[in-house]
Each structure stands twice: as C-alpha cells, then as structure tokens.
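The structure appears right after this line, and notes come after that.
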Amino acid sequence: MTTAVAPSSSLTAADRCDRCGAQAYLRVELQSGGELLFCAHHAREHGDKIKAMAATVVDETHKLTGTQAPSSDA
C-alpha cells in the first residue's frame, strides 16, 4: 500500500506556533506522521530536535526579514 502526500501549502497568519501561539514560520512534518508548527524563536530553540524527528521541514522564516533563509546543506 502506498500513500500519496500532497505538498504542504504556504503558512499563513492563521497558522500558529504549537508552543506559544505566535505566528508560525516553520512547518515540521514528522517521520511518525502528523505535523508541528513553530514560530521562528521556538524553531531556533528546538532546531536540533526538530532535525532529528522531521521527515520534511517548510521554513518560511525569510518572510520576517525579506531574505531567503540559509540552506542547512551548507
């Protein structure tokens, strides 16, 4: 059995951080299923743990400064 996963849509002002309720700029799709949303502050605070459990990450923190977020591959 295979499951098709629709690409994640862009985050909006209605998307809120699961930790504090601020506007979310990071969507983490978990390897175990489900997703978590983080504001930029909590994304930085929990960055190492997020990377360890994430299947995919949608990072829109560039919207805060108007510049593209640096790639984690560098």
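If you're wondering about the labels, chains in the structure tokens are A, B, ... by order shown, residues count from 1 in each chain, ligands from 1 in order shown.
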
For region 14-29 of chain A, list every protein, DNA or RNA residue within 10 Å, evaluated using only C-alpha atoms, and leave out those in the same chain fewer than 6 positions away; present the list as a ChimeraX atom specification.
-> /A:8,35-44,50-51,53-64

Generate the output file for the selected residues, N, CA, C and O atoms, as a CSV table (one decimal), in the first residue's frame.
```csv
chain,number,residue,atom,x,y,z
A,8,SER,N,2.9,20.5,1.1
A,8,SER,CA,2.4,21.4,2.1
A,8,SER,C,2.1,22.8,1.5
A,8,SER,O,2.9,23.3,0.7
A,35,GLU,N,2.1,16.7,12.1
A,35,GLU,CA,3.0,17.9,11.9
A,35,GLU,C,3.0,18.8,13.1
A,35,GLU,O,2.1,18.7,13.9
A,36,LEU,N,4.0,19.6,13.2
A,36,LEU,CA,4.1,20.6,14.3
A,36,LEU,C,4.4,22.0,13.6
A,36,LEU,O,5.1,22.0,12.6
A,37,LEU,N,3.9,23.0,14.2
A,37,LEU,CA,4.2,24.4,13.7
A,37,LEU,C,5.0,25.1,14.8
A,37,LEU,O,4.7,25.0,16.0
A,38,PHE,N,6.0,25.9,14.3
A,38,PHE,CA,6.8,26.7,15.2
A,38,PHE,C,6.9,28.1,14.8
A,38,PHE,O,7.1,28.4,13.6
A,39,CYS,N,7.0,29.0,15.7
A,39,CYS,CA,7.4,30.4,15.4
A,39,CYS,C,8.9,30.4,15.2
A,39,CYS,O,9.6,29.4,15.5
A,40,ALA,N,9.5,31.5,14.7
A,40,ALA,CA,10.9,31.5,14.5
A,40,ALA,C,11.7,31.3,15.7
A,40,ALA,O,12.7,30.5,15.7
A,41,HIS,N,11.3,31.9,16.8
A,41,HIS,CA,12.0,31.7,18.1
A,41,HIS,C,12.1,30.3,18.5
A,41,HIS,O,13.2,29.7,18.9
A,42,HIS,N,11.0,29.6,18.6
A,42,HIS,CA,11.0,28.2,19.0
A,42,HIS,C,11.6,27.2,18.0
A,42,HIS,O,12.1,26.2,18.4
A,43,ALA,N,11.5,27.6,16.7
A,43,ALA,CA,12.2,26.8,15.7
A,43,ALA,C,13.7,26.8,16.0
A,43,ALA,O,14.4,25.8,15.9
A,44,ARG,N,14.3,28.0,16.3
A,44,ARG,CA,15.7,28.1,16.6
A,44,ARG,C,16.0,27.4,17.9
A,44,ARG,O,17.0,26.7,18.0
A,50,ILE,N,14.2,19.2,16.2
A,50,ILE,CA,13.4,19.2,15.0
A,50,ILE,C,14.0,18.4,13.9
A,50,ILE,O,13.4,17.6,13.2
A,51,LYS,N,15.3,18.7,13.6
A,51,LYS,CA,16.0,18.0,12.5
A,51,LYS,C,16.0,16.4,12.8
A,51,LYS,O,15.9,15.7,11.8
A,53,MET,N,13.8,14.5,14.2
A,53,MET,CA,12.5,13.8,14.0
A,53,MET,C,11.7,14.2,12.8
A,53,MET,O,10.6,13.7,12.6
A,54,ALA,N,12.2,15.1,12.0
A,54,ALA,CA,11.5,15.6,10.8
A,54,ALA,C,11.6,14.8,9.6
A,54,ALA,O,12.7,14.3,9.3
A,55,ALA,N,10.5,14.6,8.9
A,55,ALA,CA,10.5,14.0,7.6
A,55,ALA,C,10.8,15.1,6.6
A,55,ALA,O,11.6,15.0,5.7
A,56,THR,N,10.1,16.2,6.7
A,56,THR,CA,10.3,17.4,5.9
A,56,THR,C,10.1,18.6,6.7
A,56,THR,O,9.3,18.6,7.8
A,57,VAL,N,10.7,19.7,6.3
A,57,VAL,CA,10.5,21.0,7.0
A,57,VAL,C,10.3,22.1,6.0
A,57,VAL,O,10.9,22.2,5.0
A,58,VAL,N,9.2,22.9,6.2
A,58,VAL,CA,8.9,24.0,5.4
A,58,VAL,C,9.3,25.2,6.3
A,58,VAL,O,8.7,25.5,7.3
A,59,ASP,N,10.4,25.9,5.8
A,59,ASP,CA,10.9,27.0,6.6
A,59,ASP,C,10.6,28.3,5.8
A,59,ASP,O,11.1,28.6,4.7
A,60,GLU,N,9.8,29.2,6.4
A,60,GLU,CA,9.4,30.4,5.8
A,60,GLU,C,9.9,31.6,6.7
A,60,GLU,O,9.3,32.7,6.7
A,61,THR,N,10.9,31.4,7.5
A,61,THR,CA,11.4,32.5,8.3
A,61,THR,C,12.0,33.6,7.5
A,61,THR,O,12.1,34.8,8.0
A,62,HIS,N,12.3,33.4,6.2
A,62,HIS,CA,12.7,34.5,5.4
A,62,HIS,C,11.7,35.6,5.3
A,62,HIS,O,12.0,36.7,5.0
A,63,LYS,N,10.4,35.3,5.5
A,63,LYS,CA,9.3,36.3,5.5
A,63,LYS,C,9.5,37.4,6.5
A,63,LYS,O,9.0,38.5,6.4
A,64,LEU,N,10.3,37.0,7.6
A,64,LEU,CA,10.5,38.0,8.6
A,64,LEU,C,11.4,39.1,8.2
A,64,LEU,O,11.3,40.2,8.7
```

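The set of residues in region 29-68 of chain A assigned to alpha helix (DSSP H) by DSSP, using only backbone atoms of this structure, is Ala40, His41, His42, Ala43, Arg44, Glu45, Gly47, Asp48, Lys49, Ile50, Lys51, Ala52, Met53, His62, Lys63, Leu64 and Thr65 of chain A.
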